[in-house]
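Just below is one structure, and these are the notes that go with it.
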Amino acid sequence: MNGPILITGAAGFIGSTLTDRLLAAGRRVVGVDNLCDFYDPAVKRRNLAGALGLDQFEMMEADIRDGDAIDAVFARVKPESVVHLAAMAGVRPSIENPALYVAVNVDGTMHVLDAAVKHGVGRFVFASSSSVYGNNQKVPFAEDDPVDFPISPYAATKRAGELICHTYWHLHHLPVACLRLFTVYGPRQRPDLAIGKFLRLVEAGAAIPVFGDGSMSRDFTFVGDIVDGMLAALERCDAFGIYNLGGNHPVTLTDLIGAIEQVVGKRAKIDRQPQQPGDVERTYADLTRSSTVLGYEPRVSLEQGIGRQWEWVQSQ
């Protein structure tokens, strides 16, 4: 398999990291991104600075909400495989503007699936989210756990995307791997997300906003491990499947701040705030299925990963 791989959301945190890895392996990559202003588009362009200088990479600016534009991209590129990462992200913003999240994450996903079927794509990888588990009482979270009670519009749209993907497998026999990503961090992380934001605030001596009492826990996953899982899904996807990609080691917010203090070498100032609506209490990935089927195994510890992200932050 040597045809082009199309990545939607290629200029983002995960998309650009995956792009670089595929290019390093000698693959041809076509990136699709609308460079929206959810955060500074200049940051996204910097993410792709290395890729843009390579002959085997092509960047196409398009919005997945525009079905005709996406169809035209597929008609010209004829991708062998698709990794669909483009989405509106974030729990709290989805509560403020749910219609936008439905338009991008549900309608947009359907446009990409339509184009994939029409133009003969062989494999489709869809980036879902651990948020679909809601406040699941059973831990760790397994792919066959009930996911009928999302607690944010963002979570609901990601679950809807999984269901639509299954429909396209059933009707059109498009092999799809839905990857439930657990709190991804590392170099190029979105500037509004906790670890990058906390690193900068601690270094500056500014207060960290902490929502709740610090007991909320997350299964933090280094972006390099996530990309490993995506590459495995691209290689092994031959039907429909849902897979957790997590770190398999939940960390409380209090312990996360402690790890950041160690890396930066400064004490954090804490600004206590009420817990936010839509935030889940904990995430914890059961990796039995992804390990068995994809050979997925997270390798980077939280301390190592935060250290690598801190080096990147300092380099910017």
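Letters for chains follow the order of the structure tokens (A, B, ...), residue numbers begin at 1 for each chain, and ligand numbers begin at 1 in the order shown.
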Test item: residues at most 12 Å from A:Gly224, only C-alpha atoms, excluding those fewer than 2 positions along its chain, as number ranges by chain: A: 13-21, 184-189, 221-222, 226-231, 245-247, 296-301, 304-305, 308-309
Would you mind exporting the chosen residues as a PDB file, in the first residue's frame, restricted to C-alpha atoms?
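Written out: again_25.pdb:
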```pdb
ATOM      1  CA  PHE A  13      -1.674  19.016  17.330  1.00  0.00           C
ATOM      2  CA  ILE A  14      -2.205  15.322  16.586  1.00  0.00           C
ATOM      3  CA  GLY A  15      -2.643  15.717  12.827  1.00  0.00           C
ATOM      4  CA  SER A  16       0.693  17.432  12.284  1.00  0.00           C
ATOM      5  CA  THR A  17       2.495  14.905  14.501  1.00  0.00           C
ATOM      6  CA  LEU A  18       0.977  12.022  12.527  1.00  0.00           C
ATOM      7  CA  THR A  19       1.841  13.803   9.268  1.00  0.00           C
ATOM      8  CA  ASP A  20       5.502  14.087  10.243  1.00  0.00           C
ATOM      9  CA  ARG A  21       5.662  10.427  11.253  1.00  0.00           C
ATOM     10  CA  VAL A 184      -3.577  13.635  24.656  1.00  0.00           C
ATOM     11  CA  TYR A 185      -0.600  15.864  25.507  1.00  0.00           C
ATOM     12  CA  GLY A 186       2.912  16.562  24.263  1.00  0.00           C
ATOM     13  CA  PRO A 187       4.712  18.948  21.878  1.00  0.00           C
ATOM     14  CA  ARG A 188       2.291  21.076  19.780  1.00  0.00           C
ATOM     15  CA  GLN A 189      -0.564  20.559  22.237  1.00  0.00           C
ATOM     16  CA  THR A 221      -1.563   9.887  26.895  1.00  0.00           C
ATOM     17  CA  PHE A 222       1.564  11.105  25.126  1.00  0.00           C
ATOM     18  CA  ILE A 226      -1.362   7.996  20.168  1.00  0.00           C
ATOM     19  CA  VAL A 227       0.323   8.184  16.768  1.00  0.00           C
ATOM     20  CA  ASP A 228       1.656   4.650  17.261  1.00  0.00           C
ATOM     21  CA  GLY A 229      -1.932   3.503  17.760  1.00  0.00           C
ATOM     22  CA  MET A 230      -3.143   5.378  14.692  1.00  0.00           C
ATOM     23  CA  LEU A 231      -0.452   3.848  12.501  1.00  0.00           C
ATOM     24  CA  LEU A 245      -5.924   4.648  23.021  1.00  0.00           C
ATOM     25  CA  GLY A 246      -4.921   5.734  26.507  1.00  0.00           C
ATOM     26  CA  GLY A 247      -2.038   5.845  28.926  1.00  0.00           C
ATOM     27  CA  TYR A 296      -0.949  -0.904  21.104  1.00  0.00           C
ATOM     28  CA  GLU A 297       1.173  -0.261  24.184  1.00  0.00           C
ATOM     29  CA  PRO A 298       1.817   3.198  25.689  1.00  0.00           C
ATOM     30  CA  ARG A 299       5.530   3.664  26.319  1.00  0.00           C
ATOM     31  CA  VAL A 300       6.042   7.249  27.487  1.00  0.00           C
ATOM     32  CA  SER A 301       5.522   7.976  31.199  1.00  0.00           C
ATOM     33  CA  GLN A 304       8.952  11.807  30.442  1.00  0.00           C
ATOM     34  CA  GLY A 305       6.145  13.263  28.351  1.00  0.00           C
ATOM     35  CA  ARG A 308       9.444  16.594  26.341  1.00  0.00           C
ATOM     36  CA  GLN A 309       6.552  19.050  26.174  1.00  0.00           C
TER      37      GLN A 309
END
```
Enumerate as a VMD selection string all residues of stretch 103-213 of chain A assigned to strand (DSSP E or B) by DSSP on the backbone, naming them with the chain letters and numbers the document uses. chain A and resid 123 to 129 141 176 to 181 184 to 185 207 to 211
Quick one: everything within 9 Å of A:Val263, counting only C-alpha atoms, minus sequence neighbours fewer than 6 positions away in the same chain. Send it as a PyMOL selection string. chain A and resi 199+303+306-307+310
Which residue, A:Glu96, A:Arg190, A:Gly205, A:Ser81, has the smallest gap to A:Asn47 when you use only C-alpha atoms?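 For A:Asn47, the nearest of the given residues is A:Arg190.
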Separation of atom CA of A:Asn34 and atom CA of A:Ser130, in Å? 24.6 Å
Neighbours of A:Glu58 within 7 Å (only C-alpha atoms; same-chain residues fewer than 5 positions away dropped), as number ranges by chain? A: 29-31
Writing out the chosen residues with N, CA and C atoms as a CSV table (one decimal), in the first residue's frame:
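Below is the file that was written, part-v3.csv:
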```
chain,number,residue,atom,x,y,z
A,29,VAL,N,1.5,12.2,1.9
A,29,VAL,CA,0.4,12.6,2.7
A,29,VAL,C,-0.2,13.9,2.1
A,30,VAL,N,-1.5,13.9,2.1
A,30,VAL,CA,-2.3,15.1,1.8
A,30,VAL,C,-3.0,15.6,3.0
A,31,GLY,N,-2.7,16.8,3.4
A,31,GLY,CA,-3.4,17.4,4.6
A,31,GLY,C,-4.5,18.2,4.2
```
Extract, using only C-alpha atoms, all DNA, RNA and protein residues at most 8 Å from A:Leu35, discarding same-chain residues fewer than 3 positions from it, and format them as a PyMOL selection string. chain A and resi 11+41+44+61
Just checking: using only C-alpha atoms, which residue out of A:Ala206, A:Leu113, A:Ile151, A:Val125 ends up closest to A:Val176?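 When distances to A:Val176 are compared using only C-alpha atoms, the smallest one comes from A:Val125.
On the backbone of this structure, DSSP gives helix (DSSP H, G or I) within stretch 174-243 of chain A to Ala194, Ile195, Gly196, Lys197, Phe198, Leu199, Arg200, Leu201, Val202, Glu203, Ala204, Val223, Gly224, Asp225, Ile226, Val227, Asp228, Gly229, Met230, Leu231, Ala232, Ala233, Leu234, Glu235 and Arg236 of chain A.
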Limited to N, CA and C atoms, could you put the picked residues into a file as a PDB file, in the first residue's frame?
```
ATOM      1  N   ALA A 194      -4.671  21.779  29.349  1.00  0.00           N
ATOM      2  CA  ALA A 194      -4.156  21.960  30.710  1.00  0.00           C
ATOM      3  C   ALA A 194      -2.639  21.918  30.816  1.00  0.00           C
ATOM      4  N   ILE A 195      -1.993  20.887  30.294  1.00  0.00           N
ATOM      5  CA  ILE A 195      -0.568  20.727  30.583  1.00  0.00           C
ATOM      6  C   ILE A 195       0.250  21.874  30.002  1.00  0.00           C
ATOM      7  N   GLY A 196       0.047  22.195  28.728  1.00  0.00           N
ATOM      8  CA  GLY A 196       0.777  23.312  28.137  1.00  0.00           C
ATOM      9  C   GLY A 196       0.477  24.629  28.826  1.00  0.00           C
ATOM     10  N   LYS A 197      -0.790  24.829  29.129  1.00  0.00           N
ATOM     11  CA  LYS A 197      -1.211  26.062  29.818  1.00  0.00           C
ATOM     12  C   LYS A 197      -0.572  26.144  31.203  1.00  0.00           C
ATOM     13  N   PHE A 198      -0.585  25.036  31.942  1.00  0.00           N
ATOM     14  CA  PHE A 198      -0.024  25.031  33.297  1.00  0.00           C
ATOM     15  C   PHE A 198       1.491  25.245  33.265  1.00  0.00           C
ATOM     16  N   LEU A 199       2.178  24.632  32.309  1.00  0.00           N
ATOM     17  CA  LEU A 199       3.619  24.831  32.201  1.00  0.00           C
ATOM     18  C   LEU A 199       3.953  26.314  32.050  1.00  0.00           C
ATOM     19  N   ARG A 200       3.221  26.983  31.184  1.00  0.00           N
ATOM     20  CA  ARG A 200       3.494  28.405  30.932  1.00  0.00           C
ATOM     21  C   ARG A 200       3.161  29.257  32.153  1.00  0.00           C
ATOM     22  N   LEU A 201       2.057  28.944  32.832  1.00  0.00           N
ATOM     23  CA  LEU A 201       1.651  29.735  33.990  1.00  0.00           C
ATOM     24  C   LEU A 201       2.610  29.554  35.160  1.00  0.00           C
ATOM     25  N   VAL A 202       3.037  28.331  35.405  1.00  0.00           N
ATOM     26  CA  VAL A 202       3.968  28.080  36.502  1.00  0.00           C
ATOM     27  C   VAL A 202       5.289  28.806  36.234  1.00  0.00           C
ATOM     28  N   GLU A 203       5.786  28.715  35.025  1.00  0.00           N
ATOM     29  CA  GLU A 203       7.033  29.386  34.672  1.00  0.00           C
ATOM     30  C   GLU A 203       6.918  30.898  34.872  1.00  0.00           C
ATOM     31  N   ALA A 204       5.737  31.456  34.542  1.00  0.00           N
ATOM     32  CA  ALA A 204       5.534  32.905  34.651  1.00  0.00           C
ATOM     33  C   ALA A 204       5.209  33.358  36.069  1.00  0.00           C
ATOM     34  N   VAL A 223       1.394  12.091  22.919  1.00  0.00           N
ATOM     35  CA  VAL A 223       0.983  12.134  21.516  1.00  0.00           C
ATOM     36  C   VAL A 223       1.721  11.102  20.665  1.00  0.00           C
ATOM     37  N   GLY A 224       2.976  10.813  20.994  1.00  0.00           N
ATOM     38  CA  GLY A 224       3.712   9.796  20.239  1.00  0.00           C
ATOM     39  C   GLY A 224       3.095   8.421  20.367  1.00  0.00           C
ATOM     40  N   ASP A 225       2.584   8.103  21.565  1.00  0.00           N
ATOM     41  CA  ASP A 225       1.893   6.830  21.757  1.00  0.00           C
ATOM     42  C   ASP A 225       0.582   6.794  20.961  1.00  0.00           C
ATOM     43  N   ILE A 226      -0.127   7.912  20.953  1.00  0.00           N
ATOM     44  CA  ILE A 226      -1.362   7.996  20.168  1.00  0.00           C
ATOM     45  C   ILE A 226      -1.076   7.751  18.695  1.00  0.00           C
ATOM     46  N   VAL A 227      -0.031   8.366  18.177  1.00  0.00           N
ATOM     47  CA  VAL A 227       0.323   8.184  16.768  1.00  0.00           C
ATOM     48  C   VAL A 227       0.690   6.728  16.489  1.00  0.00           C
ATOM     49  N   ASP A 228       1.375   6.083  17.416  1.00  0.00           N
ATOM     50  CA  ASP A 228       1.656   4.650  17.261  1.00  0.00           C
ATOM     51  C   ASP A 228       0.354   3.869  17.059  1.00  0.00           C
ATOM     52  N   GLY A 229      -0.651   4.186  17.875  1.00  0.00           N
ATOM     53  CA  GLY A 229      -1.932   3.503  17.760  1.00  0.00           C
ATOM     54  C   GLY A 229      -2.628   3.789  16.448  1.00  0.00           C
ATOM     55  N   MET A 230      -2.520   5.023  15.972  1.00  0.00           N
ATOM     56  CA  MET A 230      -3.143   5.378  14.692  1.00  0.00           C
ATOM     57  C   MET A 230      -2.481   4.642  13.531  1.00  0.00           C
ATOM     58  N   LEU A 231      -1.162   4.557  13.562  1.00  0.00           N
ATOM     59  CA  LEU A 231      -0.452   3.848  12.501  1.00  0.00           C
ATOM     60  C   LEU A 231      -0.826   2.365  12.505  1.00  0.00           C
ATOM     61  N   ALA A 232      -0.970   1.782  13.696  1.00  0.00           N
ATOM     62  CA  ALA A 232      -1.384   0.382  13.787  1.00  0.00           C
ATOM     63  C   ALA A 232      -2.790   0.200  13.241  1.00  0.00           C
ATOM     64  N   ALA A 233      -3.689   1.153  13.537  1.00  0.00           N
ATOM     65  CA  ALA A 233      -5.059   1.067  13.029  1.00  0.00           C
ATOM     66  C   ALA A 233      -5.077   1.168  11.507  1.00  0.00           C
ATOM     67  N   LEU A 234      -4.250   2.046  10.950  1.00  0.00           N
ATOM     68  CA  LEU A 234      -4.164   2.167   9.494  1.00  0.00           C
ATOM     69  C   LEU A 234      -3.713   0.859   8.863  1.00  0.00           C
ATOM     70  N   GLU A 235      -2.807   0.188   9.511  1.00  0.00           N
ATOM     71  CA  GLU A 235      -2.237  -1.033   8.966  1.00  0.00           C
ATOM     72  C   GLU A 235      -3.177  -2.224   9.108  1.00  0.00           C
ATOM     73  N   ARG A 236      -3.933  -2.274  10.202  1.00  0.00           N
ATOM     74  CA  ARG A 236      -4.678  -3.496  10.529  1.00  0.00           C
ATOM     75  C   ARG A 236      -6.190  -3.390  10.350  1.00  0.00           C
TER      76      ARG A 236
END
```
Spatial neighbours of A:Glu162, max dist 8 Å, only C-alpha atoms, sep filter under 5 positions, as a list in words: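 Once the adjacent positions are removed, what remains is Phe126, Ser128 and Cys178 of chain A.
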When you look at stretch 70-75 of chain A with a cut-off of 8 Å (counting only C-alpha atoms), what residues show up, excluding the ones that are within fewer than 2 positions of it in the same chain? I need them as a short mmCIF file (atom, residue, chain, number, x, y, z; two decimals) with C-alpha atoms, in the first residue's frame.
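result-v1.cif written:
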```cif
data_model
loop_
_atom_site.label_atom_id
_atom_site.label_comp_id
_atom_site.auth_asym_id
_atom_site.auth_seq_id
_atom_site.Cartn_x
_atom_site.Cartn_y
_atom_site.Cartn_z
CA MET A 60 -5.25 21.71 0.89
CA ALA A 62 -10.98 23.09 2.91
CA ASP A 63 -13.81 22.93 5.43
CA ILE A 64 -15.41 19.54 6.09
CA ASP A 66 -18.60 21.91 2.66
CA GLY A 67 -19.47 18.56 1.14
CA ASP A 68 -18.75 19.69 -2.43
CA VAL A 77 -6.23 13.08 -4.61
CA LYS A 78 -7.77 9.57 -4.76
CA PRO A 79 -6.52 8.67 -1.27
CA HIS A 111 -19.25 14.44 4.24
CA VAL A 112 -15.81 12.83 4.68
CA ALA A 115 -16.36 11.08 -0.19
CA ALA A 116 -14.42 8.07 1.09
CA HIS A 119 -13.83 7.53 -4.29
#
```
